[in-house]
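Below is one structure, written out as C-alpha coordinates; comments come after it.
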Amino acid sequence: MHSFGYRANALLTFAITILALMCAMASLSDNFNTPTPSAQVQVLNINWFQKQPNGNDEVSMTLNISADLQSLFTWNTKQVFVFLAAEYETPKNSLNQISLWDGIIPSKEHAKFWIHTSNKYRFIDQGSNLRGKEYNLTMHWHVMPKTGKMSADKIVMPGYRLPAEYR
Amino acid sequence: MGWIGETMDSVKSLQIRQVLTQAVSLGMIVTSALIIWKALMCITGSESPVVVVLSGSMEPGFKRGDILFLHMSKDPIRAGEIVVFNVDGREIPIVHRVIKVHEREDTGEVDVLTKGDNNYGDDRLLYAHGQLWLQRHHIMGRAVGFLPYVGWVTIIMTEKPIIKYILIGALGLLVITSKD
(Lines give C-alpha, C1' and ligand atoms only; values in the text may rest on other atoms or scores of the structure.)
Protein backbone atom coordinates (compact mmCIF):
# COMPACT_ATOMS: atom_id res chain seq x y z
CA MET A 1 0.00 0.00 0.00
CA HIS A 2 2.75 2.47 0.89
CA SER A 3 5.45 1.14 -1.36
CA PHE A 4 7.98 3.34 -3.10
CA GLY A 5 6.09 3.01 -6.38
CA TYR A 6 2.83 4.25 -4.94
CA ARG A 7 4.44 7.22 -3.27
CA ALA A 8 6.34 8.18 -6.41
CA ASN A 9 3.14 7.86 -8.40
CA ALA A 10 1.18 10.02 -5.96
CA LEU A 11 3.89 12.67 -5.94
CA LEU A 12 4.10 12.75 -9.73
CA THR A 13 0.34 12.98 -10.13
CA PHE A 14 0.13 15.80 -7.62
CA ALA A 15 3.01 17.68 -9.24
CA ILE A 16 1.48 17.42 -12.71
CA THR A 17 -1.93 18.49 -11.41
CA ILE A 18 -0.46 21.58 -9.77
CA LEU A 19 1.56 22.42 -12.89
CA ALA A 20 -1.52 22.09 -15.10
CA LEU A 21 -3.50 24.27 -12.69
CA MET A 22 -0.81 26.94 -12.71
CA CYS A 23 -0.70 26.91 -16.52
CA ALA A 24 -4.47 27.30 -16.66
CA MET A 25 -4.39 30.18 -14.17
CA ALA A 26 -1.59 31.93 -16.08
CA SER A 27 -3.65 31.63 -19.26
CA LEU A 28 -6.83 32.89 -17.54
CA SER A 29 -5.00 35.84 -15.98
CA ASP A 30 -4.57 37.28 -19.49
CA ASN A 31 -8.28 38.14 -19.40
CA PHE A 32 -7.62 40.86 -16.82
CA ASN A 33 -5.55 42.81 -19.32
CA THR A 34 -7.46 45.30 -21.46
CA PRO A 35 -5.02 46.44 -24.14
CA THR A 36 -5.17 49.84 -25.81
CA PRO A 37 -2.87 49.55 -28.82
CA SER A 38 -2.51 52.17 -31.52
CA ALA A 39 -1.17 52.16 -35.06
CA GLN A 40 -0.65 54.57 -37.96
CA VAL A 41 0.39 53.71 -41.48
CA GLN A 42 1.32 56.04 -44.33
CA VAL A 43 1.83 54.98 -47.91
CA LEU A 44 4.83 57.14 -48.81
CA ASN A 45 5.30 56.07 -52.39
CA ILE A 46 4.05 53.69 -55.07
CA ASN A 47 7.36 52.37 -56.36
CA TRP A 48 5.88 50.70 -59.37
CA PHE A 49 2.52 49.38 -60.47
CA GLN A 50 2.11 47.08 -63.42
CA LYS A 51 0.32 44.15 -64.98
CA GLN A 52 2.24 40.89 -65.00
CA PRO A 53 2.42 38.88 -68.27
CA ASN A 54 -0.10 36.42 -66.77
CA GLY A 55 -2.64 39.20 -66.29
CA ASN A 56 -2.37 39.81 -62.54
CA ASP A 57 -1.79 43.31 -61.23
CA GLU A 58 1.21 43.82 -59.00
CA VAL A 59 2.11 46.88 -56.98
CA SER A 60 5.16 47.77 -54.92
CA MET A 61 4.90 50.48 -52.29
CA THR A 62 6.89 52.14 -49.56
CA LEU A 63 5.24 52.22 -46.17
CA ASN A 64 5.82 54.04 -42.95
CA ILE A 65 4.39 52.00 -40.07
CA SER A 66 4.30 53.20 -36.50
CA ALA A 67 2.60 51.40 -33.66
CA ASP A 68 2.46 51.19 -29.90
CA LEU A 69 1.62 47.65 -28.80
CA GLN A 70 3.12 47.79 -25.31
CA SER A 71 -0.23 47.29 -23.61
CA LEU A 72 -0.58 43.83 -25.21
CA PHE A 73 2.23 42.43 -23.10
CA THR A 74 1.47 40.62 -19.85
CA TRP A 75 3.58 38.29 -17.77
CA ASN A 76 2.27 35.34 -19.80
CA THR A 77 3.22 36.83 -23.18
CA LYS A 78 6.04 35.17 -25.06
CA GLN A 79 5.86 37.28 -28.17
CA VAL A 80 3.51 39.30 -30.31
CA PHE A 81 3.34 38.61 -34.01
CA VAL A 82 2.26 41.73 -35.86
CA PHE A 83 1.48 42.11 -39.53
CA LEU A 84 0.03 44.67 -41.87
CA ALA A 85 -2.41 43.40 -44.48
CA ALA A 86 -4.03 45.11 -47.43
CA GLU A 87 -7.70 44.13 -47.62
CA TYR A 88 -10.03 44.82 -50.52
CA GLU A 89 -12.95 43.44 -52.50
CA THR A 90 -13.05 42.57 -56.15
CA PRO A 91 -15.96 41.44 -58.34
CA LYS A 92 -14.64 37.86 -58.22
CA ASN A 93 -13.45 37.75 -54.61
CA SER A 94 -15.49 38.92 -51.65
CA LEU A 95 -12.30 39.25 -49.64
CA ASN A 96 -8.64 39.56 -50.50
CA GLN A 97 -6.11 39.76 -47.68
CA ILE A 98 -2.50 40.28 -48.61
CA SER A 99 0.14 40.51 -45.96
CA LEU A 100 2.55 43.32 -46.82
CA TRP A 101 4.82 43.38 -43.82
CA ASP A 102 5.18 41.36 -40.63
CA GLY A 103 7.38 41.26 -37.60
CA ILE A 104 7.90 39.47 -34.32
CA ILE A 105 8.01 41.57 -31.19
CA PRO A 106 9.90 39.62 -28.53
CA SER A 107 9.38 41.94 -25.56
CA LYS A 108 7.59 44.99 -24.26
CA GLU A 109 10.65 47.18 -24.80
CA HIS A 110 10.38 46.62 -28.54
CA ALA A 111 6.63 47.07 -28.74
CA LYS A 112 6.71 50.78 -29.57
CA PHE A 113 8.27 51.10 -32.98
CA TRP A 114 8.23 52.76 -36.32
CA ILE A 115 9.57 51.32 -39.51
CA HIS A 116 10.13 52.61 -43.00
CA THR A 117 9.93 49.74 -45.46
CA SER A 118 8.80 48.61 -48.87
CA ASN A 119 6.36 45.70 -48.90
CA LYS A 120 8.02 42.49 -47.73
CA TYR A 121 5.60 40.19 -49.56
CA ARG A 122 4.48 40.77 -53.12
CA PHE A 123 1.20 42.62 -53.47
CA ILE A 124 -0.35 40.66 -56.35
CA ASP A 125 -4.05 40.57 -57.15
CA GLN A 126 -5.90 37.55 -58.54
CA GLY A 127 -6.76 39.29 -61.77
CA SER A 128 -6.47 42.86 -62.94
CA ASN A 129 -8.54 44.89 -60.50
CA LEU A 130 -6.09 47.11 -58.70
CA ARG A 131 -6.27 50.32 -60.78
CA GLY A 132 -7.98 52.97 -58.69
CA LYS A 133 -8.89 50.31 -56.10
CA GLU A 134 -9.85 51.48 -52.66
CA TYR A 135 -8.41 49.29 -49.92
CA ASN A 136 -7.99 49.05 -46.16
CA LEU A 137 -4.73 48.61 -44.40
CA THR A 138 -5.26 46.47 -41.32
CA MET A 139 -2.79 46.04 -38.51
CA HIS A 140 -3.28 42.55 -37.10
CA TRP A 141 -1.57 41.12 -34.07
CA HIS A 142 -1.44 37.64 -32.61
CA VAL A 143 -0.40 37.32 -29.00
CA MET A 144 1.51 34.10 -28.34
CA PRO A 145 1.40 33.18 -24.67
CA LYS A 146 4.04 31.35 -22.69
CA THR A 147 1.27 28.84 -22.18
CA GLY A 148 -2.44 28.65 -22.88
CA LYS A 149 -4.82 30.41 -25.19
CA MET A 150 -3.63 32.49 -28.11
CA SER A 151 -5.45 35.71 -28.85
CA ALA A 152 -5.65 38.06 -31.80
CA ASP A 153 -7.10 41.42 -32.72
CA LYS A 154 -6.72 44.17 -35.29
CA ILE A 155 -7.00 47.84 -36.14
CA VAL A 156 -8.61 48.64 -39.49
CA MET A 157 -7.39 51.76 -41.25
CA PRO A 158 -9.71 52.50 -44.18
CA GLY A 159 -9.52 54.94 -47.04
CA TYR A 160 -6.38 54.12 -49.02
CA ARG A 161 -6.52 54.17 -52.81
CA LEU A 162 -4.21 52.85 -55.49
CA PRO A 163 -3.37 55.04 -58.51
CA ALA A 164 -5.69 54.91 -61.51
CA GLU A 165 -2.92 54.15 -64.01
CA TYR A 166 0.02 51.76 -64.15
CA ARG A 167 3.39 53.35 -63.56
CA MET B 1 12.85 -26.48 -14.90
CA GLY B 2 12.72 -25.41 -11.30
CA TRP B 3 12.45 -21.74 -12.20
CA ILE B 4 9.72 -22.35 -14.75
CA GLY B 5 7.84 -24.49 -12.27
CA GLU B 6 7.99 -21.79 -9.64
CA THR B 7 6.75 -19.20 -12.11
CA MET B 8 3.91 -21.48 -13.13
CA ASP B 9 3.00 -21.96 -9.49
CA SER B 10 2.95 -18.25 -8.85
CA VAL B 11 0.80 -17.69 -11.92
CA LYS B 12 -1.57 -20.47 -10.81
CA SER B 13 -1.71 -19.01 -7.33
CA LEU B 14 -3.29 -15.84 -8.73
CA GLN B 15 -6.97 -16.33 -8.40
CA ILE B 16 -8.83 -16.23 -11.69
CA ARG B 17 -11.07 -13.52 -10.28
CA GLN B 18 -8.16 -11.27 -9.54
CA VAL B 19 -6.63 -11.77 -12.97
CA LEU B 20 -9.94 -10.82 -14.54
CA THR B 21 -10.15 -7.69 -12.39
CA GLN B 22 -6.70 -6.61 -13.50
CA ALA B 23 -7.54 -7.27 -17.13
CA VAL B 24 -10.71 -5.21 -16.84
CA SER B 25 -8.91 -2.32 -15.18
CA LEU B 26 -6.26 -2.38 -17.90
CA GLY B 27 -9.03 -2.33 -20.50
CA MET B 28 -10.67 0.60 -18.69
CA ILE B 29 -7.49 2.64 -18.88
CA VAL B 30 -7.03 1.97 -22.59
CA THR B 31 -10.67 2.65 -23.47
CA SER B 32 -10.90 5.82 -21.40
CA ALA B 33 -7.85 7.20 -23.21
CA LEU B 34 -9.56 6.35 -26.49
CA ILE B 35 -12.82 7.95 -25.33
CA ILE B 36 -11.05 11.18 -24.38
CA TRP B 37 -9.30 11.33 -27.75
CA LYS B 38 -12.48 10.67 -29.74
CA ALA B 39 -14.44 13.16 -27.63
CA LEU B 40 -11.79 15.80 -28.36
CA MET B 41 -12.16 15.00 -32.05
CA CYS B 42 -15.89 15.61 -31.83
CA ILE B 43 -15.58 18.82 -29.81
CA THR B 44 -12.85 20.41 -31.90
CA GLY B 45 -14.08 19.08 -35.22
CA SER B 46 -10.53 18.33 -36.22
CA GLU B 47 -9.29 14.89 -37.14
CA SER B 48 -6.29 15.38 -34.89
CA PRO B 49 -7.12 17.79 -32.03
CA VAL B 50 -3.58 17.92 -30.69
CA VAL B 51 -0.40 18.12 -32.74
CA VAL B 52 3.25 18.20 -31.81
CA VAL B 53 5.50 20.77 -33.48
CA LEU B 54 8.26 18.90 -35.27
CA SER B 55 10.27 21.64 -36.95
CA GLY B 56 11.68 25.02 -36.04
CA SER B 57 9.97 26.88 -38.87
CA MET B 58 7.69 28.79 -36.50
CA GLU B 59 10.35 29.79 -33.98
CA PRO B 60 10.46 31.65 -31.73
CA GLY B 61 6.71 31.22 -31.37
CA PHE B 62 6.60 27.46 -31.48
CA LYS B 63 9.63 25.33 -30.82
CA ARG B 64 10.19 21.68 -31.58
CA GLY B 65 8.38 19.63 -28.96
CA ASP B 66 5.62 22.13 -28.19
CA ILE B 67 2.01 21.00 -28.29
CA LEU B 68 -0.72 22.81 -30.20
CA PHE B 69 -4.45 22.44 -29.67
CA LEU B 70 -6.39 22.60 -32.90
CA HIS B 71 -9.89 23.71 -33.63
CA MET B 72 -11.71 23.28 -36.91
CA SER B 73 -14.74 25.54 -36.94
CA LYS B 74 -16.93 26.71 -39.80
CA ASP B 75 -15.44 30.20 -39.48
CA PRO B 76 -13.69 31.35 -42.62
CA ILE B 77 -9.92 31.26 -42.71
CA ARG B 78 -8.26 34.64 -42.36
CA ALA B 79 -4.75 35.99 -42.73
CA GLY B 80 -2.59 35.68 -39.64
CA GLU B 81 -4.14 32.48 -38.36
CA ILE B 82 -1.86 29.55 -37.71
CA VAL B 83 -3.21 26.56 -39.60
CA VAL B 84 -2.22 22.93 -39.82
CA PHE B 85 -2.38 21.62 -43.35
CA ASN B 86 -1.70 18.48 -45.33
CA VAL B 87 -0.13 18.75 -48.74
CA ASP B 88 -0.87 15.99 -51.27
CA GLY B 89 2.08 13.64 -51.39
CA ARG B 90 3.39 14.58 -47.96
CA GLU B 91 2.55 12.52 -44.90
CA ILE B 92 3.45 14.90 -42.12
CA PRO B 93 1.16 17.88 -41.60
CA ILE B 94 2.71 21.35 -41.46
CA VAL B 95 1.95 24.14 -38.98
CA HIS B 96 2.37 27.56 -40.58
CA ARG B 97 0.80 31.01 -40.67
CA VAL B 98 -1.60 32.27 -43.33
CA ILE B 99 -0.25 35.35 -45.13
CA LYS B 100 -2.62 35.69 -48.09
CA VAL B 101 -6.32 34.94 -48.47
CA HIS B 102 -8.53 35.22 -51.54
CA GLU B 103 -12.16 34.29 -50.91
CA ARG B 104 -14.56 33.77 -53.82
CA GLU B 105 -17.66 35.89 -53.99
CA ASP B 106 -19.97 33.18 -55.38
CA THR B 107 -18.81 29.88 -53.87
CA GLY B 108 -17.03 31.05 -50.73
CA GLU B 109 -14.01 28.92 -51.61
CA VAL B 110 -10.70 30.21 -50.39
CA ASP B 111 -7.21 30.33 -51.81
CA VAL B 112 -4.68 30.51 -49.00
CA LEU B 113 -0.94 31.05 -48.96
CA THR B 114 1.09 30.16 -45.86
CA LYS B 115 4.54 30.87 -44.53
CA GLY B 116 6.56 29.81 -41.49
CA ASP B 117 7.47 32.75 -39.26
CA ASN B 118 11.09 31.64 -39.20
CA ASN B 119 11.32 30.84 -42.92
CA TYR B 120 12.56 33.37 -45.40
CA GLY B 121 10.11 32.71 -48.20
CA ASP B 122 6.52 31.52 -48.48
CA ASP B 123 5.47 27.87 -48.65
CA ARG B 124 4.99 27.43 -52.41
CA LEU B 125 8.18 25.34 -52.44
CA LEU B 126 6.62 22.97 -49.91
CA TYR B 127 3.36 22.56 -51.78
CA ALA B 128 2.80 19.91 -54.42
CA HIS B 129 4.50 20.63 -57.72
CA GLY B 130 2.78 23.51 -59.49
CA GLN B 131 0.40 24.19 -56.59
CA LEU B 132 0.05 27.89 -55.87
CA TRP B 133 -2.65 27.95 -53.22
CA LEU B 134 -4.03 25.83 -50.41
CA GLN B 135 -7.76 25.13 -50.45
CA ARG B 136 -10.10 24.49 -47.58
CA HIS B 137 -9.76 20.70 -47.82
CA HIS B 138 -6.02 20.83 -47.25
CA ILE B 139 -6.49 22.46 -43.88
CA MET B 140 -6.91 20.23 -40.83
CA GLY B 141 -7.43 22.90 -38.24
CA ARG B 142 -6.23 26.14 -36.77
CA ALA B 143 -4.10 26.42 -33.68
CA VAL B 144 -5.95 27.95 -30.73
CA GLY B 145 -3.84 26.98 -27.73
CA PHE B 146 -0.34 26.14 -26.82
CA LEU B 147 1.55 24.08 -24.25
CA PRO B 148 5.35 24.06 -24.20
CA TYR B 149 7.69 21.05 -24.01
CA VAL B 150 5.05 18.32 -23.48
CA GLY B 151 5.43 17.04 -27.04
CA TRP B 152 8.99 15.92 -26.38
CA VAL B 153 7.53 12.71 -24.94
CA THR B 154 6.12 11.73 -28.33
CA ILE B 155 9.17 12.93 -30.26
CA ILE B 156 11.44 10.78 -28.11
CA MET B 157 9.10 7.82 -28.42
CA THR B 158 8.92 7.99 -32.21
CA GLU B 159 12.65 8.44 -32.60
CA LYS B 160 13.64 5.81 -30.05
CA PRO B 161 10.89 3.17 -30.23
CA ILE B 162 12.64 0.99 -27.64
CA ILE B 163 11.74 3.54 -24.95
CA LYS B 164 8.10 3.28 -25.99
CA TYR B 165 8.07 -0.51 -25.57
CA ILE B 166 9.85 -0.32 -22.22
CA LEU B 167 7.35 2.26 -21.00
CA ILE B 168 4.31 0.32 -22.21
CA GLY B 169 5.69 -2.89 -20.74
CA ALA B 170 6.41 -1.27 -17.39
CA LEU B 171 2.96 0.31 -17.21
CA GLY B 172 1.27 -2.95 -18.17
CA LEU B 173 3.24 -4.83 -15.54
CA LEU B 174 2.36 -2.21 -12.94
CA VAL B 175 -1.35 -2.49 -13.68
CA ILE B 176 -1.34 -6.30 -13.73
CA THR B 177 0.70 -6.74 -10.55
CA SER B 178 -0.93 -3.97 -8.56
CA LYS B 179 -3.20 -5.13 -5.77
CA ASP B 180 -5.82 -2.57 -4.92
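Scheme for the C-alpha coordinates: letters A, B, ... for chains in order shown; per-chain residue numbers from 1; ligand numbers from 1 in order shown.
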
Task: Picked from range 34-88 of chain B by DSSP as helix (DSSP H, G or I), as a PyMOL selection string - done: chain B and resi 34-44

Please report, as a tab-separated table, each residue of chain B lying at most 8 Å from chain A, together with the nearest pair of atoms and the separation in Å rounded to one decimal; use only C-alpha atoms, and order rows by chain and ascending residue number.
residue	atom	partner	partner_atom	distance
B:Gly61	CA	A:Met144	CA	6.7
B:Arg78	CA	A:Gln97	CA	7.7
B:Ala79	CA	A:Gln97	CA	6.4
B:Gly80	CA	A:His140	CA	7.4
B:Ile99	CA	A:Ser99	CA	5.2
B:Lys100	CA	A:Ile98	CA	4.6
B:Val101	CA	A:Gln97	CA	4.9
B:His102	CA	A:Asn96	CA	4.5
B:Glu103	CA	A:Leu95	CA	5.1
B:Arg104	CA	A:Asn93	CA	4.2
B:Glu105	CA	A:Ser94	CA	4.4
B:Asp106	CA	A:Lys92	CA	7.6
B:Val144	CA	A:Met150	CA	5.7
B:Gly145	CA	A:Lys149	CA	4.4
B:Phe146	CA	A:Gly148	CA	5.1
B:Leu147	CA	A:Thr147	CA	5.2
B:Pro148	CA	A:Thr147	CA	6.6

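Taking CA of Asp57 in chain A as the reference point, CA of Arg122 in chain A is found at 10.6 Å.
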
Task: Point-to-point distance in Å for CA of Glu58 in chain A and CA of Asp122 in chain B - done: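 One can read the CA of Asp122 in chain B to CA of Glu58 in chain A distance as 17.0 Å.
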
- [ ] Going by DSSP on the backbone, which bits of range 69-131 of chain A are strand (DSSP E)? Write them as a PyMOL selection string, please.
- [x] chain A and resi 77-88+93-105+112-118+123-124

Open item on the list: Could you check the closest approach to Pro37 in chain A for each of A:Ile65, A:Ile155, A:Ala24, A:Ala164 and tell me which residue wins, using only C-alpha atoms?
Closed with: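 Residue with the minimum atom-to-atom distance to Pro37 in chain A: A:Ile155.
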
- [ ] Figure out the distance between CA of Tyr160 in chain A and CA of Asn56 in chain A, please, to one decimal in Å.
- [x]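 Those two atoms sit 20.1 Å apart.
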
Task: Selected residue, from A:Gly127, A:Leu11, A:Thr17, A:Glu165, that lies nearest to Pro53 in chain A when counting only C-alpha atoms - done: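 Selected residue with least distance to Pro53 in chain A: A:Gly127.
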
TODO: Rank A:Trp114, A:Phe14, A:Ile46, A:Ser38 by their smallest atom-to-atom distance to Thr138 in chain A, using only C-alpha atoms, and report the top residue only.
DONE: A:Ser38

- [ ] For range 42-56 of chain B, work out the shell of residues within 10 Å, counting only C-alpha atoms and skipping chain neighbours fewer than 6 positions away, then give it as a PyMOL selection string.
- [x] chain B and resi 36+62-74+84+92-95+116-119+139-143+145-155
